[in-house]
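Asks: Provided herewith: work19.txt, compact mmCIF, C-alpha atoms.
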# COMPACT_ATOMS: atom_id res chain seq x y z
CA MET X 198 0.00 0.00 0.00
CA PRO X 199 1.24 3.56 -0.58
CA ALA X 200 2.73 5.61 2.20
CA ARG X 201 0.45 7.85 4.22
CA GLY X 202 -0.35 11.05 2.44
CA ASP X 203 -1.93 11.57 -0.96
CA SER X 204 -0.46 9.55 -3.82
CA ASP X 205 -1.18 9.56 -7.51
CA ALA X 206 -3.96 7.24 -8.60
CA ALA X 207 -1.38 5.30 -10.59
CA ALA X 208 -0.45 3.70 -7.25
CA LEU X 209 -3.89 2.09 -7.14
CA PRO X 210 -3.71 -1.70 -7.64
CA ALA X 211 -5.08 -2.71 -11.02
CA GLY X 212 -7.54 -5.14 -9.43
CA LEU X 213 -9.08 -2.39 -7.32
CA ARG X 214 -9.24 -0.08 -10.31
CA GLU X 215 -11.20 -2.73 -12.25
CA ALA X 216 -13.53 -3.38 -9.33
CA LEU X 217 -14.30 0.31 -8.90
CA ALA X 218 -15.02 0.68 -12.61
CA GLU X 219 -17.62 -2.09 -12.34
CA LEU X 220 -19.08 -0.91 -9.04
CA LEU X 221 -19.08 2.83 -9.79
CA PRO X 222 -19.13 3.31 -13.58
CA GLY X 223 -18.31 6.84 -14.66
CA TRP X 224 -16.09 7.59 -11.66
CA ARG X 225 -12.33 7.78 -12.18
CA PRO X 226 -9.76 7.36 -9.37
CA THR X 227 -7.58 10.45 -8.91
CA ALA X 228 -5.79 9.95 -5.60
CA VAL X 229 -5.14 7.32 -2.97
CA ARG X 230 -4.23 7.77 0.69
CA ALA X 231 -3.44 5.21 3.41
CA LEU X 232 -5.24 6.08 6.64
CA ALA X 233 -3.67 5.55 10.04
CA ALA X 234 -5.55 4.02 12.96
CA ASP X 235 -5.13 7.39 14.68
CA GLU X 236 -4.46 10.28 12.30
CA ALA X 237 -3.42 12.46 15.25
CA ALA X 238 -0.68 10.05 16.24
CA GLY X 239 1.48 10.36 13.15
CA PRO X 240 5.27 10.60 13.18
CA ASP X 241 5.21 14.39 13.61
CA ARG X 242 2.39 14.53 16.15
CA ASP X 243 2.05 13.55 19.78
CA ALA X 244 -1.42 12.32 20.73
CA GLY X 245 -0.29 11.55 24.27
CA ALA X 246 -1.61 8.61 26.24
CA THR X 247 -4.71 8.37 24.08
CA GLY X 248 -2.81 7.69 20.84
CA LYS X 249 -4.11 4.53 19.19
CA ALA X 250 -1.39 2.27 17.84
CA THR X 251 -3.19 -0.91 16.89
CA GLY X 252 -6.21 -1.45 14.71
CA TYR X 253 -7.55 -4.40 12.79
CA GLY X 254 -6.25 -3.28 9.42
CA GLU X 255 -4.98 -0.26 7.50
CA PRO X 256 -7.72 1.29 5.37
CA VAL X 257 -6.97 3.13 2.15
CA ARG X 258 -9.02 6.14 1.01
CA VAL X 259 -9.52 6.45 -2.75
CA THR X 260 -10.71 9.74 -4.23
CA LEU X 261 -12.78 9.48 -7.42
CA ARG X 262 -13.93 12.14 -9.87
CA GLY X 263 -17.12 11.88 -11.86
CA ALA X 264 -19.05 13.90 -14.43
CA GLY X 265 -18.90 17.65 -13.97
CA GLY X 266 -15.84 17.41 -11.71
CA LEU X 267 -17.78 15.97 -8.75
CA GLU X 268 -15.63 14.09 -6.25
CA ARG X 269 -16.38 11.32 -3.81
CA ASP X 270 -14.27 9.10 -1.58
CA VAL X 271 -14.44 5.38 -0.91
CA VAL X 272 -12.34 3.39 1.56
CA LEU X 273 -10.79 -0.03 0.98
CA HIS X 274 -10.62 -2.04 4.19
CA THR X 275 -8.55 -5.17 4.69
CA ALA X 276 -8.16 -7.18 7.89
CA SER X 277 -4.70 -7.92 9.25
CA ALA X 278 -3.67 -10.94 11.28
CA ASN X 279 -3.37 -10.40 15.02
CA PRO X 280 -3.82 -12.47 18.20
CA TYR X 281 -7.18 -10.88 19.05
CA GLY X 282 -9.30 -13.47 17.32
CA HIS X 283 -8.02 -12.60 13.84
CA ASP X 284 -5.16 -15.07 13.55
CA ARG X 285 -6.95 -17.29 11.04
CA ARG X 286 -7.88 -16.30 7.51
CA ALA X 287 -11.42 -17.47 8.29
CA ASP X 288 -11.60 -14.97 11.18
CA ARG X 289 -10.63 -12.10 8.94
CA ALA X 290 -13.13 -13.15 6.29
CA ALA X 291 -15.85 -13.35 8.94
CA GLU X 292 -15.01 -9.85 10.20
CA LEU X 293 -15.40 -8.29 6.76
CA LEU X 294 -18.53 -10.26 5.87
CA LEU X 295 -20.14 -9.25 9.16
CA ALA X 296 -19.31 -5.61 8.45
CA PHE X 297 -20.94 -5.84 5.02
CA ASP X 298 -24.06 -7.45 6.51
CA THR X 299 -24.49 -5.00 9.39
CA PHE X 300 -23.13 -1.52 8.52
CA GLY X 301 -26.41 -0.66 6.83
CA ASP X 302 -28.38 -1.33 10.01
CA ILE X 303 -26.68 1.48 11.93
CA PRO X 304 -28.01 5.05 11.46
CA ASP X 305 -25.44 7.60 10.30
CA HIS X 306 -22.88 4.88 9.61
CA VAL X 307 -20.78 4.71 6.47
CA ARG X 308 -22.30 2.39 3.89
CA ALA X 309 -20.78 -0.94 2.88
CA LEU X 310 -20.54 -0.96 -0.92
CA ASP X 311 -18.85 -4.28 -1.63
CA VAL X 312 -17.11 -7.20 0.04
CA GLY X 313 -14.93 -9.90 -1.40
CA ALA X 314 -11.57 -11.57 -1.64
CA ILE X 315 -8.23 -10.60 -3.17
CA ARG X 316 -6.68 -13.08 -5.60
CA PRO X 317 -2.92 -13.67 -5.57
CA ASP X 318 -2.63 -11.64 -8.78
CA GLY X 319 -4.31 -8.64 -7.11
CA ARG X 320 -7.69 -8.99 -8.75
CA LEU X 321 -10.77 -8.58 -6.57
CA ILE X 322 -13.56 -11.15 -6.38
CA SER X 323 -16.84 -9.62 -5.23
CA LEU X 324 -19.10 -11.49 -2.81
CA ARG X 325 -21.72 -8.77 -2.40
CA ASP X 326 -24.38 -10.90 -4.10
CA ALA X 327 -23.37 -14.14 -2.37
CA GLY X 328 -25.49 -16.00 0.17
CA GLU X 329 -24.25 -18.85 2.28
CA PHE X 330 -20.84 -20.39 1.61
CA TYR X 331 -20.07 -23.92 0.53
CA LEU X 332 -17.22 -26.39 0.81
CA LEU X 333 -16.58 -29.15 -1.72
CA THR X 334 -14.51 -32.13 -0.54
CA SER X 335 -13.52 -35.58 -1.70
CA HIS X 336 -15.53 -38.59 -0.51
CA ALA X 337 -14.39 -41.32 1.89
CA PRO X 338 -16.17 -44.68 1.92
CA GLY X 339 -17.10 -46.33 5.17
CA ARG X 340 -19.51 -46.21 8.09
CA PRO X 341 -19.28 -44.02 11.20
CA TYR X 342 -17.43 -45.52 14.15
CA ALA X 343 -20.55 -44.70 16.18
CA GLU X 344 -22.20 -47.74 14.59
CA ASP X 345 -19.44 -49.96 15.97
CA LEU X 346 -19.92 -48.51 19.44
CA ARG X 347 -23.70 -49.07 19.35
CA ARG X 348 -23.15 -52.70 18.33
CA ILE X 349 -20.53 -53.21 21.05
CA ALA X 350 -22.83 -51.68 23.68
CA ALA X 351 -25.71 -53.92 22.58
CA SER X 352 -23.68 -57.14 22.51
CA GLY X 353 -21.38 -56.44 25.44
CA ALA X 354 -18.51 -57.99 23.50
CA THR X 355 -15.61 -56.92 21.30
CA SER X 356 -13.95 -58.66 18.39
CA ASP X 357 -10.34 -58.62 17.23
CA LEU X 358 -11.36 -56.00 14.66
CA ASP X 359 -12.94 -53.81 17.35
CA ARG X 360 -9.74 -53.86 19.36
CA ALA X 361 -7.67 -53.18 16.24
CA ARG X 362 -9.83 -50.17 15.42
CA CYS X 363 -9.46 -48.82 18.94
CA ASP X 364 -5.69 -49.14 18.58
CA ALA X 365 -5.79 -47.50 15.16
CA LEU X 366 -7.64 -44.47 16.50
CA ALA X 367 -5.16 -43.98 19.34
CA SER X 368 -2.26 -44.40 16.93
CA ALA X 369 -3.75 -41.95 14.46
CA LEU X 370 -3.89 -39.30 17.17
CA ALA X 371 -0.38 -40.07 18.36
CA ARG X 372 0.87 -39.47 14.81
CA LEU X 373 -1.29 -36.39 14.33
CA HIS X 374 -0.19 -34.65 17.51
CA THR X 375 3.14 -33.25 16.34
CA PRO X 376 4.41 -29.95 17.76
CA ILE X 377 3.62 -26.94 15.61
CA GLY X 378 6.36 -24.60 16.78
CA ASP X 379 6.57 -21.17 18.32
CA ARG X 380 2.98 -19.98 18.05
CA PRO X 381 1.99 -19.04 21.61
CA HIS X 382 -1.04 -17.08 20.44
CA ALA X 383 -2.43 -20.19 18.74
CA TYR X 384 -2.46 -22.09 22.03
CA SER X 385 -4.05 -19.16 23.87
CA ARG X 386 -6.67 -18.98 21.13
CA ALA X 387 -7.45 -22.69 21.41
CA ILE X 388 -7.98 -22.49 25.16
CA ARG X 389 -10.02 -19.28 24.85
CA ASP X 390 -12.24 -20.94 22.26
CA LEU X 391 -12.58 -24.03 24.45
CA VAL X 392 -14.06 -21.95 27.25
CA GLY X 393 -15.66 -18.88 25.75
CA SER X 394 -16.60 -19.41 22.11
CA GLY X 395 -20.03 -20.19 20.75
CA GLU X 396 -18.89 -23.75 20.07
CA GLY X 397 -17.10 -23.96 23.42
CA ILE X 398 -18.32 -24.37 26.98
CA PHE X 399 -20.15 -21.03 27.19
CA GLY X 400 -21.98 -21.56 23.93
CA VAL X 401 -22.93 -25.16 24.73
CA VAL X 402 -24.26 -24.15 28.15
CA ASP X 403 -26.34 -21.42 26.52
CA GLY X 404 -27.98 -24.12 24.38
CA TYR X 405 -29.50 -25.93 27.38
CA PRO X 406 -33.18 -25.10 27.98
CA ALA X 407 -33.75 -23.85 31.52
CA ASP X 408 -35.94 -26.86 32.35
CA THR X 409 -33.52 -29.57 31.18
CA PRO X 410 -33.90 -32.57 33.51
CA ALA X 411 -30.77 -33.16 35.65
CA ALA X 412 -29.18 -29.96 34.29
CA PRO X 413 -30.74 -26.98 36.06
CA PRO X 414 -29.13 -23.57 35.41
CA GLU X 415 -27.40 -23.47 38.80
CA ARG X 416 -25.64 -26.78 38.10
CA LEU X 417 -24.49 -25.65 34.67
CA ARG X 418 -23.34 -22.32 36.07
CA ALA X 419 -21.18 -24.05 38.67
CA ILE X 420 -19.61 -26.30 36.01
CA GLU X 421 -19.02 -23.32 33.73
CA ARG X 422 -17.28 -21.30 36.45
CA ARG X 423 -14.97 -24.17 37.40
CA ALA X 424 -14.11 -24.82 33.77
CA ALA X 425 -13.38 -21.13 33.17
CA ASP X 426 -10.70 -21.22 35.87
CA TRP X 427 -8.76 -23.58 33.62
CA ARG X 428 -8.10 -20.82 31.13
CA TRP X 429 -5.65 -19.41 33.67
CA ARG X 430 -4.36 -22.79 34.80
CA LEU X 431 -3.35 -23.55 31.21
CA ARG X 432 -1.90 -20.13 30.56
CA GLY X 433 1.76 -20.41 29.62
CA ARG X 434 1.43 -24.05 28.50
CA GLN X 435 2.03 -23.22 24.82
CA ASP X 436 4.71 -25.90 24.74
CA ARG X 437 1.73 -28.27 24.46
CA LEU X 438 0.61 -26.83 21.11
CA THR X 439 0.29 -29.50 18.43
CA ARG X 440 -1.69 -30.23 15.33
CA THR X 441 -5.17 -31.37 16.33
CA HIS X 442 -8.27 -32.59 14.57
CA GLY X 443 -10.56 -30.46 16.75
CA ASP X 444 -13.70 -32.65 16.59
CA PHE X 445 -12.47 -36.23 16.86
CA HIS X 446 -15.69 -38.06 17.73
CA PRO X 447 -17.18 -41.30 16.37
CA PHE X 448 -19.43 -39.57 13.86
CA ASN X 449 -16.38 -37.94 12.23
CA VAL X 450 -14.44 -41.20 11.87
CA LEU X 451 -15.29 -43.74 9.17
CA PHE X 452 -14.18 -47.33 8.80
CA ALA X 453 -14.63 -49.40 5.65
CA ASP X 454 -13.67 -53.08 5.91
CA GLY X 455 -10.49 -52.91 7.93
CA ALA X 456 -8.93 -50.91 10.73
CA ALA X 457 -7.76 -47.86 8.76
CA PRO X 458 -9.81 -44.79 9.75
CA ALA X 459 -10.89 -42.01 7.40
CA LEU X 460 -11.47 -38.64 9.07
CA LEU X 461 -14.09 -35.96 8.48
CA ASP X 462 -14.66 -32.36 9.52
CA ALA X 463 -11.43 -31.22 11.19
CA SER X 464 -12.21 -27.90 12.83
CA ARG X 465 -11.23 -24.91 14.97
CA GLY X 466 -7.94 -24.23 13.26
CA CYS X 467 -6.43 -27.71 13.74
CA ALA X 468 -4.09 -26.38 16.42
CA GLY X 469 -4.45 -26.85 20.15
CA ASP X 470 -3.87 -29.20 23.06
CA PRO X 471 -3.72 -32.95 22.34
CA ALA X 472 -6.04 -33.53 25.30
CA ASP X 473 -8.83 -32.07 23.17
CA ASP X 474 -8.82 -34.92 20.65
CA VAL X 475 -8.00 -37.72 23.07
CA THR X 476 -10.78 -36.89 25.54
CA CYS X 477 -13.22 -36.30 22.69
CA MET X 478 -12.91 -39.88 21.44
CA ALA X 479 -12.29 -41.57 24.79
CA LEU X 480 -15.41 -40.15 26.42
CA ASN X 481 -17.53 -41.84 23.79
CA TYR X 482 -16.69 -45.22 25.28
CA VAL X 483 -18.36 -43.89 28.43
CA PHE X 484 -21.21 -42.24 26.53
CA PHE X 485 -22.21 -45.34 24.59
CA ALA X 486 -22.14 -47.42 27.79
CA LEU X 487 -24.63 -45.17 29.60
CA GLU X 488 -27.62 -46.72 27.85
CA ARG X 489 -26.33 -50.25 28.51
CA PRO X 490 -24.15 -50.09 31.66
CA ALA X 491 -23.49 -53.82 31.65
CA SER X 492 -21.42 -53.37 28.48
CA TRP X 493 -18.92 -51.24 30.40
CA ARG X 494 -17.46 -54.15 32.33
CA THR X 495 -17.16 -56.54 29.41
CA ALA X 496 -16.52 -54.32 26.39
CA LEU X 497 -16.55 -50.53 26.48
CA GLY X 498 -14.60 -50.20 29.72
CA PRO X 499 -11.75 -52.34 28.37
CA LEU X 500 -11.76 -50.22 25.17
CA TRP X 501 -11.59 -47.03 27.26
CA ARG X 502 -8.51 -48.29 29.09
CA ARG X 503 -6.98 -49.75 25.92
CA PHE X 504 -7.39 -46.47 24.02
CA TRP X 505 -5.61 -44.45 26.70
CA ALA X 506 -2.86 -47.05 27.13
CA ARG X 507 -2.17 -47.25 23.40
CA TYR X 508 -2.03 -43.49 22.99
CA LEU X 509 0.35 -43.00 25.93
CA GLU X 510 2.49 -45.89 24.73
CA GLU X 511 2.97 -44.25 21.32
CA ARG X 512 3.22 -40.63 22.41
CA ASP X 513 5.05 -39.46 25.52
CA ASP X 514 2.71 -36.98 27.21
CA PRO X 515 2.88 -37.39 30.99
CA ASP X 516 0.79 -34.25 31.56
CA ILE X 517 -2.22 -35.10 29.41
CA LEU X 518 -4.39 -36.37 32.28
CA GLU X 519 -3.41 -33.32 34.31
CA VAL X 520 -4.65 -30.85 31.68
CA ALA X 521 -7.68 -32.91 30.59
CA PRO X 522 -10.44 -31.57 32.94
CA PRO X 523 -11.69 -28.61 30.88
CA PHE X 524 -11.77 -30.77 27.76
CA VAL X 525 -13.72 -33.44 29.65
CA ALA X 526 -16.10 -30.69 30.76
CA TRP X 527 -16.66 -29.47 27.23
CA ARG X 528 -17.30 -32.87 25.69
CA GLY X 529 -19.38 -33.99 28.64
CA LEU X 530 -21.57 -30.91 28.31
CA VAL X 531 -21.99 -31.58 24.58
CA MET X 532 -22.97 -35.21 25.15
CA ALA X 533 -25.43 -34.25 27.91
CA SER X 534 -26.98 -31.46 25.84
CA PRO X 535 -30.54 -32.03 24.62
CA SER X 536 -29.66 -29.87 21.62
CA PHE X 537 -27.03 -32.33 20.40
CA TYR X 538 -28.41 -35.60 21.81
CA PRO X 539 -32.14 -35.13 22.47
CA ALA X 540 -32.78 -38.79 23.34
CA VAL X 541 -30.34 -38.92 26.29
CA PRO X 542 -32.42 -39.72 29.38
CA ALA X 543 -32.13 -37.66 32.54
CA GLY X 544 -30.28 -40.41 34.41
CA ALA X 545 -27.58 -40.67 31.76
CA ARG X 546 -27.30 -36.87 31.63
CA ASP X 547 -26.82 -36.80 35.39
CA ARG X 548 -24.04 -39.40 35.18
CA LEU X 549 -22.25 -37.45 32.47
CA LEU X 550 -22.40 -34.26 34.49
CA ARG X 551 -21.27 -36.09 37.62
CA LEU X 552 -18.22 -37.26 35.69
CA VAL X 553 -17.55 -33.68 34.59
CA GLU X 554 -17.91 -32.40 38.14
CA GLU X 555 -15.69 -35.10 39.62
CA VAL X 556 -12.91 -34.48 37.11
CA LEU X 557 -13.04 -30.70 37.56
CA ASP X 558 -12.97 -31.09 41.35
CA ALA X 559 -10.08 -33.58 41.24
CA GLY X 560 -7.99 -31.24 39.07
CA CYS X 561 -7.04 -34.10 36.76
CA LEU X 562 -8.64 -36.97 34.90
CA GLU X 563 -8.44 -40.23 36.82
CA LEU X 564 -9.35 -43.06 34.49
CA ALA X 565 -11.19 -44.75 37.35
CA ALA X 566 -13.64 -41.83 37.43
CA ALA X 567 -15.47 -43.41 34.52
CA GLU X 568 -15.81 -46.64 36.49
CA ARG X 569 -17.40 -44.77 39.39
CA VAL X 570 -20.09 -43.00 37.35
CA LEU X 571 -21.03 -46.25 35.59
CA SER X 572 -21.15 -48.40 38.73
Can the structure in the file be given as C-alpha cells, please?

Replies:
Amino acid sequence: MPARGDSDAAALPAGLREALAELLPGWRPTAVRALAADEAAGPDRDAGATGKATGYGEPVRVTLRGAGGLERDVVLHTASANPYGHDRRADRAAELLLAFDTFGDIPDHVRALDVGAIRPDGRLISLRDAGEFYLLTSHAPGRPYAEDLRRIAASGATSDLDRARCDALASALARLHTPIGDRPHAYSRAIRDLVGSGEGIFGVVDGYPADTPAAPPERLRAIERRAADWRWRLRGRQDRLTRTHGDFHPFNVLFADGAAPALLDASRGCAGDPADDVTCMALNYVFFALERPASWRTALGPLWRRFWARYLEERDDPDILEVAPPFVAWRGLVMASPSFYPAVPAGARDRLLRLVEEVLDAGCLELAAAERVLS
C-alpha cells in the first residue's frame, strides 16, 4: 500500500481499479491515501496517552472524480492478522462479511458498498451478491465408528477388529499430535475458544433449555465457572501446542472393511492441546455405555482403558491427564446437551455431568472416574 499522504492514482492496484469501474461506472480514481488508525498520532504529532497504535487493518481512502468534476471518496478495508481473534484467515473473512451485513443497520454509519476476496494476482472477487458459503470435498467410503460402538454396547462384546480399530484411533492421534512450533497465540486462542466461544463451553451451556432434567441452570453455572478457571491454569502451556483434529468423535471417523480410519470435519484451526482430541474420542466409550451399563465391564470399559494405554504408549505426554479436565467438561456438556443428543435420558445426563464435576474437582482426569459414574 502507498505511504500515508496523498499519492497519484497510478499507485492504485489494477484489481481495485477494475472493481471500482464495475461498481461505480463513470467515476475515475484520482488519488489514494493510506489512513492511520489514529491520524493524530502520526510521526510528527504527539497524541499523548490516548494515541491509538493498533487497529484491525490499514484502510486506504480512494478519491474518485465523476461527471462535472464531482468528487467522492471510498475506503478499501482489509483485515490484518493479530492475536485478538483474527489469527486465522477465516476470522478475517468473517469480520469483513459481518461488516458488510451490518453496517447498513446502523443510522449515520458509512455504507458498505462491496465485500470480497483478493486473488494472488491482485484482482478482486466480489461477494456482495453471495449468500451462504459452501465447501466441496472428496468422498471417503465407510460407516461411522458410532455404529461400531452401538453394536458393542448392545452385545457387550468386542472382536479382534474392534480392538484393532481402537488401537488405530489412538495411533492416528499419536501421529497427528506433532508440535507446531513457536505460536503461543495459537495455544491461547485454542484455550479461549474451548471456554468462551459459541462452540465452546459457554456456547454449549447457553444451548441448554432452563428446564432440562438433571441440568438446572445453577448446576451448569457451577460447572461453567470451574471450567473457566482452567483458562488461567493452562496459561503459559504453549509448549503443548500440536496439530489437532478439533472434533475427533465417532461420527467424524469412518471405517470401511479394515482398521484404517478415514477422518471428516477437522475444525477450529487444527491447532491446540492434544487432550482435546483424546478426551473427545475416549469419552464416547463412556457415553455409549450409559444406555447399557453392563457393556462397560465386558466391552466398552476395556476399550476405554486400551485407548488411553495405546495413545500414551505411542506418544510421551505425561501431563495429558493433568490438563484434561476442561476438555472433559466441554465434551461432557456436549454429550449431555438435549440440543445435540435429544434422546439422552435424565439419568444418563446426570451421570455425564457427575463425571464432569468429579474431574473438575479432582484437578485431573483419573481413568477410574469413569468406572465410578457407571457403577

Asks: Rank X:Ala361, X:Ala367, X:Val392, X:Leu220 by their smallest atom-to-atom distance to Ser323 of chain X, using only C-alpha atoms, and report the top residue only.

Replies: X:Leu220

Asks: Which residues, written as a PyMOL selection string, have at least one atom at most 12 Å from Ala211 of chain X, with only C-alpha atoms counted and residues fewer than 6 positions away on the same chain left out?

Replies: chain X and resi 217-218+226+315-316+318-321

Asks: May I have the centre and edge lengths, in Å to one decimal, of an axis-aligned box around the listed atoms of segment 470-482 of chain X with 4 Å added to every side, as lines of an AutoDock Vina configuration file?

Replies:
center_x = -10.6
center_y = -37.2
center_z = 23.5
size_x = 21.8
size_y = 24.0
size_z = 13.8

Asks: Skipping near chain neighbours, those fewer than 6 positions away, what residues fall within 8 Å of segment 464-469 of chain X using only C-alpha atoms, listed as a VMD selection string?

Replies: chain X and resid 285 377 383 to 384 387 to 388 437 to 444

Asks: Pick out the closest residue to Gly400 of chain X from this set: X:Leu451, X:Glu421, X:His382, X:Ala278. Count all atoms listed in the file.

Replies: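 Of X:Leu451, X:Glu421, X:His382, X:Ala278, the one nearest Gly400 of chain X, counting all atoms listed in the file, is X:Glu421.
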
Asks: Could you tell me how far atom CA of Arg434 of chain X sits from atom CA of Pro376 of chain X, in Å to one decimal place?

Replies: 12.6 Å

Asks: Neighbouring residues of segment 505-516 of chain X were defined as those with any atom within 12 Å, considering all atoms listed in the file; residues of the same chain fewer than 6 positions away were excluded. Please report them as a ChimeraX atom specification.

Replies: /X:360-376,431,434,436-437,439,470-472,474-480,482,498-499,522,560-564

Asks: Separation of atom CA of Arg347 of chain X and atom CA of Leu552 of chain X, in Å?

Replies: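 Result for atom CA of Arg347 of chain X versus atom CA of Leu552 of chain X: 20.9 Å, one decimal.
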
Asks: Choose the residue, out of X:Arg551, X:Arg230, X:Arg494, X:His446, that has the smallest atom-to-atom separation from Tyr342 of chain X; count only C-alpha atoms.

Replies: X:His446

Asks: Could you check how far atom CA of Val520 of chain X sits from atom CA of Phe504 of chain X, in Å to one decimal?

Replies: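 Rounded to one decimal, the two atoms are 17.6 Å apart.
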
Asks: Which residue is closest to Ala350 of chain X? Choose from X:Thr334, X:Ser536, X:Ser492, X:Thr260 and count only C-alpha atoms.

Replies: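 Looking at the shortest contact to Ala350 of chain X, the residue is X:Ser492.
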
Asks: Given only C-alpha atoms as the basis, pick out the residue of X:Arg528, X:Arg340, X:Arg289, X:Arg348 nearest to Ser277 of chain X.

Replies: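 Among the listed residues, the smallest separation from Ser277 of chain X belongs to X:Arg289.
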
Asks: Counting only C-alpha atoms, figure out which residue out of X:Gly254, X:Thr299, X:Leu550, X:Ala453 gets nearest to His283 of chain X.

Replies: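 Comparing X:Gly254, X:Thr299, X:Leu550, X:Ala453 against His283 of chain X, the winner is X:Gly254.
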
Asks: Residues within 10 Å of (-22.9, -25.5, 35.6), file coordinates, counting all atoms listed in the file: what are they? Give the list as a VMD selection string.

Replies: chain X and resid 398 to 399 402 412 to 424 526 530 550 553 to 554

Asks: Counting only C-alpha atoms, write as a list of chain:residue names all protein and nucleic acid residues lying at most 12 Å from (-22.2, -6.0, 6.5) in the file's frame.

Replies: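 I get X:Ala290, X:Ala291, X:Glu292, X:Leu293, X:Leu294, X:Leu295, X:Ala296, X:Phe297, X:Asp298, X:Thr299, X:Phe300, X:Gly301, X:Asp302, X:Ile303, X:His306, X:Val307, X:Arg308, X:Ala309, X:Leu310, X:Asp311, X:Val312, X:Gly313, X:Leu324, X:Arg325, X:Asp326 for the residues within 12 Å of that point.
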
Asks: May I have the selected residues written with C-alpha atoms, as a PDB file, keeping the file's coordinate frame?

Replies:
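Generated output (result_31.pdb):
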ATOM      1  CA  ALA X 290     -13.130 -13.150   6.290  1.00  0.00           C
ATOM      2  CA  ALA X 291     -15.850 -13.350   8.940  1.00  0.00           C
ATOM      3  CA  GLU X 292     -15.010  -9.850  10.200  1.00  0.00           C
ATOM      4  CA  LEU X 293     -15.400  -8.290   6.760  1.00  0.00           C
ATOM      5  CA  LEU X 294     -18.530 -10.260   5.870  1.00  0.00           C
ATOM      6  CA  LEU X 295     -20.140  -9.250   9.160  1.00  0.00           C
ATOM      7  CA  ALA X 296     -19.310  -5.610   8.450  1.00  0.00           C
ATOM      8  CA  PHE X 297     -20.940  -5.840   5.020  1.00  0.00           C
ATOM      9  CA  ASP X 298     -24.060  -7.450   6.510  1.00  0.00           C
ATOM     10  CA  THR X 299     -24.490  -5.000   9.390  1.00  0.00           C
ATOM     11  CA  PHE X 300     -23.130  -1.520   8.520  1.00  0.00           C
ATOM     12  CA  GLY X 301     -26.410  -0.660   6.830  1.00  0.00           C
ATOM     13  CA  ASP X 302     -28.380  -1.330  10.010  1.00  0.00           C
ATOM     14  CA  ILE X 303     -26.680   1.480  11.930  1.00  0.00           C
ATOM     15  CA  HIS X 306     -22.880   4.880   9.610  1.00  0.00           C
ATOM     16  CA  VAL X 307     -20.780   4.710   6.470  1.00  0.00           C
ATOM     17  CA  ARG X 308     -22.300   2.390   3.890  1.00  0.00           C
ATOM     18  CA  ALA X 309     -20.780  -0.940   2.880  1.00  0.00           C
ATOM     19  CA  LEU X 310     -20.540  -0.960  -0.920  1.00  0.00           C
ATOM     20  CA  ASP X 311     -18.850  -4.280  -1.630  1.00  0.00           C
ATOM     21  CA  VAL X 312     -17.110  -7.200   0.040  1.00  0.00           C
ATOM     22  CA  GLY X 313     -14.930  -9.900  -1.400  1.00  0.00           C
ATOM     23  CA  LEU X 324     -19.100 -11.490  -2.810  1.00  0.00           C
ATOM     24  CA  ARG X 325     -21.720  -8.770  -2.400  1.00  0.00           C
ATOM     25  CA  ASP X 326     -24.380 -10.900  -4.100  1.00  0.00           C
TER      26      ASP X 326
END
